[in-house]
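The next block is upload.pdb, given as PDB, C-alpha atoms.
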MODEL        1
ATOM      1  CA  MET A   1     170.206 242.637 141.648
ATOM      2  CA  ASN A   2     169.338 241.871 138.037
ATOM      3  CA  THR A   3     168.355 238.517 136.588
ATOM      4  CA  TYR A   4     169.507 237.438 133.140
ATOM      5  CA  TYR A   5     167.974 234.660 131.076
ATOM      6  CA  ILE A   6     169.354 232.425 128.357
ATOM      7  CA  TYR A   7     166.464 231.024 126.341
ATOM      8  CA  PHE A   8     165.712 228.715 123.423
ATOM      9  CA  LEU A   9     162.958 229.421 120.929
ATOM     10  CA  THR A  10     161.772 227.106 118.208
ATOM     11  CA  ASN A  11     159.007 226.930 115.600
ATOM     12  CA  TRP A  12     155.838 224.837 115.518
ATOM     13  CA  ASN A  13     157.642 221.661 114.377
ATOM     14  CA  ASN A  14     160.814 222.131 116.474
ATOM     15  CA  LYS A  15     163.071 222.218 113.399
ATOM     16  CA  VAL A  16     164.827 225.552 113.955
ATOM     17  CA  LEU A  17     166.408 226.720 117.229
ATOM     18  CA  TYR A  18     167.324 230.194 118.402
ATOM     19  CA  ILE A  19     169.284 230.981 121.543
ATOM     20  CA  GLY A  20     169.079 234.439 123.081
ATOM     21  CA  VAL A  21     169.859 236.419 126.239
ATOM     22  CA  THR A  22     167.618 238.959 127.971
ATOM     23  CA  ASN A  23     167.090 240.629 131.321
ATOM     24  CA  ASN A  24     163.278 240.424 130.990
ATOM     25  CA  LEU A  25     162.129 237.061 129.696
ATOM     26  CA  GLU A  26     158.386 237.732 129.647
ATOM     27  CA  ARG A  27     158.800 240.978 127.709
ATOM     28  CA  ARG A  28     161.237 239.431 125.242
ATOM     29  CA  ILE A  29     159.040 236.416 124.536
ATOM     30  CA  TYR A  30     156.069 238.754 124.045
ATOM     31  CA  GLU A  31     158.127 240.671 121.468
ATOM     32  CA  HIS A  32     158.986 237.448 119.634
ATOM     33  CA  LYS A  33     155.414 236.130 119.691
ATOM     34  CA  ASN A  34     154.050 239.401 118.340
ATOM     35  CA  LYS A  35     156.723 239.741 115.632
ATOM     36  CA  LEU A  36     158.042 242.988 117.132
ATOM     37  CA  VAL A  37     161.651 241.828 116.647
ATOM     38  CA  ASP A  38     163.003 241.912 113.101
ATOM     39  CA  GLY A  39     165.522 239.264 112.178
ATOM     40  CA  PHE A  40     166.010 235.531 112.481
ATOM     41  CA  THR A  41     163.131 234.770 114.859
ATOM     42  CA  LYS A  42     160.631 236.715 112.807
ATOM     43  CA  LYS A  43     161.847 235.247 109.509
ATOM     44  CA  TYR A  44     161.574 231.646 110.741
ATOM     45  CA  ASN A  45     158.494 232.159 112.961
ATOM     46  CA  LEU A  46     160.290 231.177 116.156
ATOM     47  CA  ASN A  47     157.953 231.933 119.032
ATOM     48  CA  LYS A  48     157.782 228.768 121.147
ATOM     49  CA  LEU A  49     159.835 228.966 124.352
ATOM     50  CA  VAL A  50     161.155 225.479 125.067
ATOM     51  CA  TYR A  51     163.996 226.108 127.522
ATOM     52  CA  TYR A  52     165.485 228.804 129.711
ATOM     53  CA  GLU A  53     167.994 229.273 132.511
ATOM     54  CA  HIS A  54     168.646 232.281 134.684
ATOM     55  CA  GLY A  55     171.419 233.858 136.723
ATOM     56  CA  ASN A  56     172.526 237.183 138.145
ATOM     57  CA  ASP A  57     175.639 237.826 136.065
ATOM     58  CA  VAL A  58     175.312 239.352 132.583
ATOM     59  CA  GLU A  59     178.823 238.291 131.588
ATOM     60  CA  GLY A  60     178.088 234.742 132.714
ATOM     61  CA  ALA A  61     174.870 234.741 130.705
ATOM     62  CA  ILE A  62     176.669 235.881 127.553
ATOM     63  CA  ILE A  63     179.377 233.260 128.041
ATOM     64  CA  ARG A  64     176.732 230.566 128.535
ATOM     65  CA  GLU A  65     174.846 231.707 125.420
ATOM     66  CA  LYS A  66     178.018 231.409 123.338
ATOM     67  CA  GLN A  67     178.759 228.007 124.861
ATOM     68  CA  LEU A  68     175.278 226.703 124.015
ATOM     69  CA  LYS A  69     175.455 228.096 120.473
ATOM     70  CA  GLY A  70     178.603 226.023 119.966
ATOM     71  CA  TRP A  71     176.916 222.779 120.933
ATOM     72  CA  THR A  72     175.672 220.238 118.418
ATOM     73  CA  ARG A  73     171.959 220.079 117.735
ATOM     74  CA  ALA A  74     171.797 216.698 119.481
ATOM     75  CA  LYS A  75     173.331 218.130 122.656
ATOM     76  CA  LYS A  76     170.925 221.105 122.580
ATOM     77  CA  ASN A  77     167.990 218.712 122.149
ATOM     78  CA  THR A  78     169.154 216.667 125.143
ATOM     79  CA  LEU A  79     169.352 219.819 127.274
ATOM     80  CA  ILE A  80     165.842 220.899 126.275
ATOM     81  CA  GLU A  81     164.431 217.410 126.866
ATOM     82  CA  SER A  82     166.042 217.226 130.327
ATOM     83  CA  THR A  83     163.363 219.654 131.567
ATOM     84  CA  ASN A  84     160.796 219.742 128.747
ATOM     85  CA  SER A  85     160.535 216.301 127.175
ATOM     86  CA  ASP A  86     157.413 217.172 125.164
ATOM     87  CA  TRP A  87     158.825 220.446 123.794
ATOM     88  CA  LYS A  88     155.823 222.341 125.176
ATOM     89  CA  ASP A  89     155.697 226.129 124.939
ATOM     90  CA  LEU A  90     156.722 227.143 128.450
ATOM     91  CA  SER A  91     155.199 230.587 127.932
ATOM     92  CA  GLN A  92     151.780 229.511 126.634
ATOM     93  CA  ASP A  93     149.976 230.638 129.806
ATOM     94  CA  TRP A  94     151.877 233.892 130.334
ATOM     95  CA  TYR A  95     149.613 236.145 128.291
ATOM     96  CA  SER A  96     145.842 236.576 128.271
TER      97      SER A  96
ENDMDL
END
Structure encoded using structure tokens:
Amino acid sequence: MNTYYIYFLTNWNNKVLYIGVTNNLERRIYEHKNKLVDGFTKKYNLNKLVYYEHGNDVEGAIIREKQLKGWTRAKKNTLIESTNSDWKDLSQDWYS
């Protein structure tokens, strides 16, 4: 059974948010942190993981990603702060 993650990345001052989906969160965050992914996250230096959820259904994960992308910034902030009030990088201890 596979696990799928919906995740939020931001930059050092929490001004820009990115929402993505992956089946390997640690690998994907490593790619973002090391600028191995061209595009929005690289352009805006988004490499701080501030929120994630997981499930076993890829279609459900994609639906949830689209739902979250449609939310207002205030609603996204409230979701992040419900589990990470200080906007800490949840992946800061993942890599040596």
Open item on the list: Taking the file as I've supplied it (selection: the PyMOL selection byres ((chain A and resi 49) around 10)), which residues are included? Please answer as a ChimeraX atom specification.
Closed with: /A:7-11,17-18,25,29,32-33,46-48,50-52,87-92
Task: Atom pair atom CA of A:Val16 / atom CA of A:Thr78: separation (Å) - done: 14.9 Å
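Proximity to A:Ile6 was assessed for A:Arg73, A:Lys35, A:Lys42, A:Arg28 counting all atoms listed in the file; the smallest distance is recorded for A:Arg28.
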- [ ] Could you expand the PyMOL selection byres ((chain A and resi 57) around 8) into the explicit residues it covers here, written as a PyMOL selection string?
- [x] chain A and resi 2-4+55-56+58-61
TODO: Choose the residue, out of A:Ile80, A:Tyr95, A:Asn14, A:Gln67, that has the smallest atom-to-atom separation from A:Glu31; count all atoms listed in the file.
DONE: A:Tyr95
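Relative to atom CA of A:Tyr5, atom CA of A:Glu65 is found at 9.4 Å.
Closest approach to A:Thr22 among A:Thr83, A:Ile62, A:Trp94, A:Leu68: A:Ile62, based on all atoms listed in the file.
Rounded to one decimal, atom CA of A:Glu26 and atom CA of A:Phe40 lie 18.9 Å from each other.
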